$ cat protein27.txt   # compact mmCIF, C-alpha atoms and all ligand atoms
# COMPACT_ATOMS: atom_id res chain seq x y z
CA MET U 1373 103.70 97.40 85.40
CA GLU U 1374 104.46 94.11 83.81
CA ARG U 1375 104.01 93.96 80.06
CA ILE U 1376 101.00 91.87 79.01
CA VAL U 1377 101.84 89.05 76.62
CA PRO U 1378 98.82 87.20 75.19
CA ILE U 1379 98.79 83.41 75.37
CA ASN U 1380 99.90 82.05 72.03
CA ALA U 1381 97.25 79.88 70.35
CA LEU U 1382 97.89 80.93 66.77
CA VAL U 1383 96.31 79.22 63.82
CA GLY U 1384 98.72 77.23 61.73
CA PRO U 1385 99.91 78.69 58.42
CA ASP U 1386 97.71 76.13 56.70
CA LYS U 1387 94.73 78.15 57.92
CA TYR U 1388 96.05 81.54 56.81
CA ALA U 1389 94.31 81.40 53.46
CA LEU U 1390 90.98 80.85 55.17
CA LYS U 1391 91.33 82.89 58.36
CA CYS U 1392 93.88 85.63 57.73
CA PRO U 1393 94.93 85.81 54.10
CA ASN U 1394 96.63 89.20 53.96
CA VAL U 1395 99.66 90.71 55.58
CA ILE U 1396 98.75 94.04 57.13
CA VAL U 1397 100.12 96.86 59.20
CA PRO U 1398 97.30 97.34 61.69
CA ASP U 1399 96.03 100.87 62.13
CA MET U 1400 93.06 100.19 64.39
CA ILE U 1401 91.61 97.81 66.93
CA VAL U 1402 87.99 96.78 66.44
CA VAL U 1403 86.31 95.86 69.73
CA HIS U 1404 83.64 93.14 69.96
CA ASN U 1405 81.74 91.33 72.70
CA THR U 1406 81.36 87.57 72.29
CA ALA U 1407 77.69 87.45 73.29
CA ASN U 1408 78.69 84.17 74.89
CA ASN U 1409 79.69 82.76 78.28
CA ALA U 1410 82.91 80.95 77.45
CA PRO U 1411 86.50 81.68 78.48
CA ALA U 1412 89.00 83.15 76.03
CA GLU U 1413 90.74 79.91 75.12
CA ASN U 1414 87.40 78.36 74.14
CA GLU U 1415 86.50 81.34 71.97
CA ILE U 1416 89.82 81.10 70.14
CA ALA U 1417 89.56 77.32 69.80
CA TYR U 1418 86.10 77.62 68.34
CA MET U 1419 87.20 80.38 65.97
CA LYS U 1420 90.04 78.19 64.71
CA ARG U 1421 87.99 75.06 64.15
CA ARG U 1422 84.94 76.53 62.53
CA PRO U 1423 85.20 76.01 58.77
CA ASP U 1424 84.21 79.51 57.71
CA PRO U 1425 86.51 82.53 57.36
CA THR U 1426 85.21 84.15 60.55
CA SER U 1427 88.23 85.06 62.63
CA PHE U 1428 89.57 87.52 65.16
CA HIS U 1429 92.95 88.08 66.72
CA LEU U 1430 92.39 88.19 70.44
CA ALA U 1431 89.90 86.94 73.00
CA VAL U 1432 90.03 88.52 76.47
CA ASP U 1433 88.36 87.13 79.57
CA HIS U 1434 88.57 88.11 83.21
CA GLN U 1435 91.95 86.44 83.65
CA LYS U 1436 93.83 86.21 80.37
CA ILE U 1437 94.23 87.15 76.75
CA VAL U 1438 94.50 84.41 74.15
CA GLN U 1439 95.77 85.16 70.64
CA GLY U 1440 94.56 83.16 67.63
CA LEU U 1441 95.84 85.19 64.66
CA PRO U 1442 99.13 86.93 63.98
CA LEU U 1443 98.67 90.68 64.47
CA ASN U 1444 100.24 91.36 61.08
CA ARG U 1445 97.54 89.45 59.19
CA ASN U 1446 93.96 90.50 58.70
CA GLY U 1447 90.96 88.79 60.27
CA HIS U 1448 87.25 88.54 59.44
CA HIS U 1449 85.24 90.00 62.31
CA ALA U 1450 83.89 93.43 61.36
CA SER U 1451 81.38 92.32 58.74
CA ALA U 1452 82.92 94.73 56.24
CA THR U 1453 86.17 95.00 54.38
CA SER U 1454 86.72 98.50 55.72
CA GLY U 1455 86.72 97.08 59.24
CA ASN U 1456 88.75 93.99 58.49
CA GLU U 1457 91.48 95.00 56.07
CA SER U 1458 93.83 96.74 58.51
CA SER U 1459 92.52 96.07 61.98
CA ILE U 1460 93.07 93.87 64.98
CA GLY U 1461 89.85 92.15 66.08
CA LEU U 1462 89.47 91.92 69.85
CA GLU U 1463 86.65 89.98 71.53
CA ILE U 1464 85.69 90.61 75.15
CA CYS U 1465 84.27 87.45 76.75
CA TYR U 1466 81.42 86.72 79.16
CA SER U 1467 79.21 89.49 77.77
CA ILE U 1468 75.94 87.59 77.53
CA ASN U 1469 74.83 86.75 81.06
CA ASP U 1470 74.05 89.29 83.75
CA ALA U 1471 75.38 86.76 86.25
CA ASP U 1472 78.80 87.08 84.62
CA ILE U 1473 78.93 90.86 84.95
CA ASP U 1474 81.94 90.75 87.27
CA LYS U 1475 83.86 88.56 84.84
CA PHE U 1476 82.86 90.80 81.98
CA MET U 1477 83.96 93.96 83.75
CA ALA U 1478 87.26 92.36 84.65
CA ALA U 1479 87.67 91.26 81.03
CA GLU U 1480 87.00 94.84 79.87
CA ARG U 1481 89.65 96.15 82.28
CA LEU U 1482 92.20 93.63 81.03
CA ALA U 1483 91.32 94.49 77.42
CA CYS U 1484 91.85 98.18 78.18
CA LYS U 1485 95.25 97.44 79.74
CA TRP U 1486 96.38 95.57 76.64
CA ILE U 1487 94.92 98.14 74.23
CA ALA U 1488 96.66 100.94 76.14
CA GLN U 1489 99.92 99.02 76.07
CA TYR U 1490 99.59 98.49 72.31
CA MET U 1491 98.72 102.15 71.71
CA ILE U 1492 101.74 103.31 73.69
CA GLU U 1493 104.06 100.93 71.87
CA HIS U 1494 102.75 102.02 68.45
CA ASN U 1495 102.15 105.68 69.22
CA TRP U 1496 98.45 105.45 68.46
CA ASP U 1497 95.68 107.84 69.44
CA ILE U 1498 92.29 106.99 70.88
CA GLY U 1499 90.60 107.48 67.48
CA GLN U 1500 92.19 104.23 66.37
CA ILE U 1501 90.07 102.28 68.84
CA ARG U 1502 86.85 101.37 67.06
CA LYS U 1503 83.75 99.32 67.69
CA HIS U 1504 82.21 96.71 65.40
CA GLN U 1505 79.18 98.95 65.10
CA ASP U 1506 81.31 101.54 63.30
CA PHE U 1507 81.51 99.24 60.27
CA TYR U 1508 78.24 97.36 60.27
CA PRO U 1509 74.79 97.98 61.70
CA LYS U 1510 75.14 95.50 64.52
CA TYR U 1511 74.85 96.27 68.20
CA CYS U 1512 78.36 95.05 68.96
CA PRO U 1513 80.16 95.22 71.33
CA HIS U 1514 76.71 94.99 72.91
CA ARG U 1515 77.41 95.07 76.65
CA THR U 1516 80.27 97.53 76.32
CA LEU U 1517 77.93 99.82 74.37
CA THR U 1518 75.19 99.40 76.95
CA LEU U 1519 77.60 100.27 79.74
CA GLY U 1520 78.95 103.18 77.70
CA TRP U 1521 81.44 103.40 74.84
CA ILE U 1522 82.91 106.70 76.03
CA ARG U 1523 83.34 105.10 79.44
CA PHE U 1524 85.32 102.32 77.74
CA LEU U 1525 87.53 104.80 75.88
CA ASN U 1526 88.07 106.68 79.13
CA MET U 1527 89.22 103.45 80.77
CA ILE U 1528 91.80 103.07 78.01
CA SER U 1529 92.93 106.68 78.44
CA ALA U 1530 93.30 106.16 82.17
CA GLU U 1531 95.39 103.07 81.49
CA ILE U 1532 97.63 105.00 79.12
CA ILE U 1533 98.20 107.57 81.84
CA ALA U 1534 98.84 104.86 84.41
CA GLN U 1535 101.28 103.02 82.16
CA THR U 1536 103.22 106.11 81.12
CA TYR U 1537 103.23 107.93 84.41
CA VAL U 1538 106.70 108.64 85.59
CA PRO U 1539 106.72 110.06 89.07
CA THR U 1540 108.67 113.26 89.25
CA PRO U 1541 111.28 112.82 91.87
CA VAL U 1542 110.67 115.26 94.66
CA PRO U 1543 113.88 117.16 95.18
CA VAL U 1544 115.04 116.69 98.66
CA ALA U 1545 117.21 119.46 99.91
CA PRO U 1546 120.29 118.06 101.48
CA VAL U 1547 120.20 118.55 105.17
CA PRO U 1548 123.30 120.44 106.12
CA VAL U 1549 125.22 118.73 108.79
CA ILE U 1550 125.94 121.39 111.29
CA PRO U 1551 128.55 120.27 113.73
CA ILE U 1552 127.46 120.87 117.25
CA PRO U 1553 130.24 122.69 118.95
CA VAL U 1554 131.40 120.72 121.88
CA ALA U 1555 133.33 122.64 124.40
CA PRO U 1556 136.55 120.81 125.08
CA ILE U 1557 136.81 119.51 128.56
CA VAL U 1558 139.62 121.39 130.11
CA MET U 1559 140.83 119.80 133.30
CA ARG U 1560 142.44 122.43 135.45
CA HIS U 1561 144.01 119.92 137.78
CA ASN U 1562 145.72 116.63 137.30
CA VAL U 1563 146.40 113.36 139.03
CA GLY U 1564 149.10 113.72 141.64
CA GLU U 1565 148.34 117.37 142.39
CA LEU U 1566 148.00 118.32 146.03
CA VAL U 1567 145.01 120.57 146.39
CA THR U 1568 142.99 122.22 149.06
CA PHE U 1569 139.24 122.42 148.79
CA GLY U 1570 136.26 123.89 150.53
CA SER U 1571 133.72 121.13 150.14
CA CYS U 1572 133.47 117.49 149.13
CA TYR U 1573 131.01 115.26 147.29
CA LYS U 1574 130.24 111.61 147.72
CA SER U 1575 130.39 110.90 144.01
CA SER U 1576 131.57 112.47 140.80
CA THR U 1577 127.93 113.18 139.86
CA SER U 1578 126.61 114.37 143.19
CA LYS U 1579 125.37 117.93 143.48
CA VAL U 1580 125.19 117.91 147.26
CA GLY U 1581 128.38 118.99 148.88
CA PHE U 1582 129.46 118.59 152.45
CA PRO U 1583 132.27 120.09 154.48
CA PRO U 1584 135.54 118.21 154.27
CA ASN U 1585 136.12 115.81 157.12
CA GLY U 1586 138.50 113.10 158.14
CA GLU U 1587 142.23 113.11 158.03
CA ALA U 1588 142.65 115.64 155.26
CA VAL U 1589 140.87 118.48 156.99
CA VAL U 1590 142.90 121.50 157.89
CA PRO U 1591 141.11 122.42 161.11
CA SER U 1592 141.98 126.09 161.26
CA VAL U 1593 139.77 127.00 158.32
CA GLY U 1594 137.61 123.93 157.80
CA MET U 1595 139.29 123.31 154.46
CA GLY U 1596 140.27 119.95 153.07
CA ARG U 1597 143.54 119.05 151.56
CA GLY U 1598 144.52 115.96 149.63
CA THR U 1599 146.01 114.54 146.50
CA ILE U 1600 144.07 114.03 143.29
CA THR U 1601 144.31 110.30 142.60
CA LYS U 1602 141.95 110.01 139.67
CA VAL U 1603 140.16 112.33 137.24
CA TYR U 1604 136.68 111.81 135.79
CA PRO U 1605 136.45 114.38 132.95
CA GLY U 1606 133.05 115.84 132.24
CA THR U 1607 131.51 115.05 135.61
CA ASN U 1608 130.25 117.46 138.22
CA ASN U 1609 133.08 116.62 140.59
CA PRO U 1610 135.85 115.21 138.48
CA TYR U 1611 138.64 114.89 141.03
CA LEU U 1612 138.90 111.91 143.33
CA ILE U 1613 140.87 112.80 146.45
CA ASN U 1614 143.12 110.36 148.26
CA ASN U 1615 141.77 107.29 146.49
CA GLY U 1616 138.27 107.68 147.78
CA GLN U 1617 138.17 110.23 150.54
CA CYS U 1618 135.82 112.34 148.47
CA PHE U 1619 135.26 114.00 145.11
CA VAL U 1620 135.81 117.67 144.48
CA ASN U 1621 135.42 120.12 141.62
CA ASP U 1622 137.24 123.14 140.30
CA GLY U 1623 134.96 125.56 142.09
CA ASP U 1624 136.27 124.44 145.44
CA ILE U 1625 139.87 123.75 144.64
CA ARG U 1626 142.83 125.91 145.22
CA PRO U 1627 146.08 124.90 143.67
CA ALA U 1628 148.72 123.01 145.53
CA GLY U 1629 151.03 125.23 147.47
CA SER U 1630 148.39 127.73 148.48
CA ASN U 1631 148.06 128.27 152.17
CA PRO U 1632 144.76 126.90 153.29
CA THR U 1633 144.62 129.46 156.03
CA ARG U 1634 144.89 132.20 153.42
CA PRO U 1635 143.14 130.89 150.33
CA ALA U 1636 144.26 132.63 147.20
CA THR U 1637 140.70 133.50 146.19
CA THR U 1638 139.55 134.46 149.64
CA PRO U 1639 141.08 137.45 151.35
CA ALA U 1640 141.96 136.91 154.94
CA PRO U 1641 139.58 138.54 157.41
CA GLN U 1642 140.64 142.04 158.28
CA PRO U 1643 138.34 143.17 161.08
CA ALA U 1644 140.14 146.44 161.54
CA GLN U 1645 139.09 147.60 158.11
CA ALA U 1646 135.53 146.41 158.35
CA PRO U 1647 133.76 149.64 159.40
CA PRO U 1648 134.69 151.75 156.37
CA ILE U 1649 133.90 148.85 154.08
CA GLN U 1650 130.44 148.45 155.54
CA ILE U 1651 129.57 151.95 154.59
CA ARG U 1652 130.10 151.22 150.91
CA LEU U 1653 127.98 148.06 150.73
CA GLY U 1654 124.41 148.22 149.47
CA VAL U 1655 121.89 146.35 147.36
CA GLY U 1656 123.67 145.22 144.22
CA SER U 1657 127.11 145.14 145.79
CA ILE U 1658 129.23 142.10 144.99
CA VAL U 1659 130.62 140.60 148.16
CA ARG U 1660 132.30 137.64 149.72
CA VAL U 1661 131.41 136.10 153.05
CA ARG U 1662 134.18 136.46 155.59
CA VAL U 1663 135.73 133.06 156.31
CA GLY U 1664 134.35 131.62 159.52
CA SER U 1665 131.16 133.72 159.51
CA LYS U 1666 127.82 132.36 160.62
CA THR U 1667 124.54 133.08 158.92
CA TYR U 1668 122.41 135.95 160.19
CA LYS U 1669 120.55 133.50 162.42
CA GLY U 1670 123.77 132.00 163.69
CA GLY U 1671 123.82 128.87 161.52
CA SER U 1672 127.06 127.34 160.37
CA VAL U 1673 128.15 127.89 156.81
CA ALA U 1674 129.50 125.35 154.31
CA ALA U 1675 133.12 126.06 153.54
CA PHE U 1676 132.55 126.58 149.87
CA VAL U 1677 130.40 129.63 150.58
CA PHE U 1678 133.52 131.49 151.65
CA THR U 1679 135.18 130.90 148.31
CA LYS U 1680 132.58 132.55 146.09
CA LYS U 1681 131.20 135.95 145.25
CA TYR U 1682 127.58 136.94 145.79
CA ARG U 1683 125.31 139.87 145.12
CA ILE U 1684 123.45 141.63 147.92
CA ASP U 1685 119.86 141.35 146.79
CA GLU U 1686 118.19 142.63 149.95
CA LEU U 1687 119.49 144.86 152.71
CA LYS U 1688 117.65 145.86 155.86
CA GLY U 1689 119.56 147.20 158.80
CA ASP U 1690 122.54 144.93 159.18
CA ARG U 1691 120.78 141.99 157.54
CA ALA U 1692 121.87 141.32 153.96
CA VAL U 1693 120.35 138.57 151.81
CA LEU U 1694 122.86 137.27 149.30
CA ASP U 1695 122.09 135.97 145.85
CA VAL U 1696 118.35 135.38 146.16
CA LYS U 1697 118.35 133.19 143.07
CA GLY U 1698 121.24 131.06 144.26
CA LEU U 1699 122.56 131.04 147.81
CA CYS U 1700 119.61 133.01 149.22
CA THR U 1701 120.97 133.21 152.71
CA ALA U 1702 121.06 136.20 155.05
CA PHE U 1703 124.27 137.37 156.67
CA ARG U 1704 125.27 140.24 158.89
CA ILE U 1705 126.61 143.07 156.80
CA SER U 1706 129.65 143.11 159.06
CA ASP U 1707 130.52 139.61 157.84
CA LEU U 1708 130.60 140.67 154.17
CA ILE U 1709 133.66 141.84 152.28
CA PRO U 1710 133.50 143.71 148.97
CA GLY U 1711 134.02 141.15 146.20
ZN ZN U 1801 81.36 92.19 66.83
$ encode --input "protein27.txt" --output "structure tokens"
Amino acid sequence: MERIVPINALVGPDKYALKCPNVIVPDMIVVHNTANNAPAENEIAYMKRRPDPTSFHLAVDHQKIVQGLPLNRNGHHASATSGNESSIGLEICYSINDADIDKFMAAERLACKWIAQYMIEHNWDIGQIRKHQDFYPKYCPHRTLTLGWIRFLNMISAEIIAQTYVPTPVPVAPVPVIPIPVAPIVMRHNVGELVTFGSCYKSSTSKVGFPPNGEAVVPSVGMGRGTITKVYPGTNNPYLINNGQCFVNDGDIRPAGSNPTRPATTPAPQPAQAPPIQIRLGVGSIVRVRVGSKTYKGGSVAAFVFTKKYRIDELKGDRAVLDVKGLCTAFRISDLIPG
């Protein structure tokens, strides 16, 4: 809040003897109403030019405060020595006409702001704010009294609170910065590596695989083979094969040098051993699908299926449904190998 500085319209020292003869240390403010309809500068000007001792320090209207006497000299406004000898006389303007009530109320508010400021700066208490009526049987400050003197003192008190209020900073707990662990991207294969793979993708982001085709296919097992020519870390299918033949991912790749007809992760079919194995399989068994198998209904199977392990979730006769939540495809039990 900006400090209020009254407009300086002080009487000259040649008027001190008449208007404010004594040096004082003020210990109270005496409040008056002008019972007039003039602005503050007019009230001060009139006070200064009238030939009698009548004087006051400040006139307050709805917009400004004008000062006519030094605050360290006494004035003549309270009709009694006890009210004049150590006080600051303050007149609130526009008190006479009902039509000026808004101006008067604004002038009261401005007066309260200045009084509060003065009280804070001089460590005063509210008992040092007095009314003309306290010193002389005159109904002054008339409109302030009519509206309520306690109300006026309360306005000052509220201003003191407003002007001295220091907001308590709300402690803000520092927000811990918790690093989000980021799993390092580990590329298991590199550019230049010759790999074999069970399925391909049309892009590094695609989730729909298709059997390898074209020149890199190794026909005997439906596997692809090619050289990694570019790597896109962090993608679904990070390895570009043969500069654009297709994309593949780690799940389908076998390292260079492995025999595509006998993939390292897929045991070769061993029909002769199938019967005893079948006996051990049941719901919950982990199995692989024998390379080259068809589905239970005779449908062809994507090559990648042969490279992974599945759980038998349903088994009825020789019909086994694998991995209901994933693959969810039925095979003949004779086409399954313990995983
Ligand atoms: Zn008065």
$ residues_near_ligand --input "protein27.txt" --ligand "ligand ZN 1801 (chain U)" --cutoff "9 Å" --atoms "all atoms listed in the file" --output "NGL selection string"
:U and (1402-1407 or 1449-1451 or 1461-1463 or 1503-1505 or 1508 or 1510-1514)
$ residues_near_point --input "protein27.txt" --point "(99.0, 86.2, 64.7)" --cutoff "9 Å" --atoms "all atoms listed in the file" --output "list in words"
Asn1380, Ala1381, Leu1382, Val1383, Cys1392, His1429, Leu1430, Gln1439, Gly1440, Leu1441, Pro1442, Leu1443, Asn1444, Arg1445 and Asn1446 of chain U
$ atom_distance --input "protein27.txt" --atom1 "CA of Ala1431 in chain U" --atom2 "CA of Asp1472 in chain U"
16.1 Å
$ atom_distance --input "protein27.txt" --atom1 "CA of Ser1657 in chain U" --atom2 "CA of Ile1625 in chain U"
24.9 Å
$ residues_around --input "protein27.txt" --residues "Thr1426 in chain U" --least-positions-apart "3" --cutoff "7 Å" --atoms "only C-alpha atoms" --output "PyMOL selection string"
chain U and resi 1391+1419+1448-1449
$ atom_distance --input "protein27.txt" --atom1 "CA of Gly1598 in chain U" --atom2 "CA of Lys1666 in chain U"
25.9 Å
$ closest_residue --input "protein27.txt" --among "U:Pro1605, U:Pro1610, U:Gly1499, U:Pro1584" --to "Leu1525 in chain U" --atoms "all atoms listed in the file"
U:Gly1499
$ residues_around --input "protein27.txt" --residues "Ile1468 in chain U" --least-positions-apart "2" --cutoff "7 Å" --atoms "all atoms listed in the file" --output "ChimeraX atom specification"
/U:1407-1409,1466,1470
$ closest_residue --input "protein27.txt" --among "U:Ile1401, U:Val1377, U:Ala1410, U:Met1477" --to "Gly1455 in chain U" --atoms "only C-alpha atoms"
U:Ile1401
$ residues_near_point --input "protein27.txt" --point "(136.6, 116.2, 129.5)" --cutoff "10 Å" --atoms "all atoms listed in the file" --output "number ranges by chain"
U: 1555-1559, 1603-1607, 1610
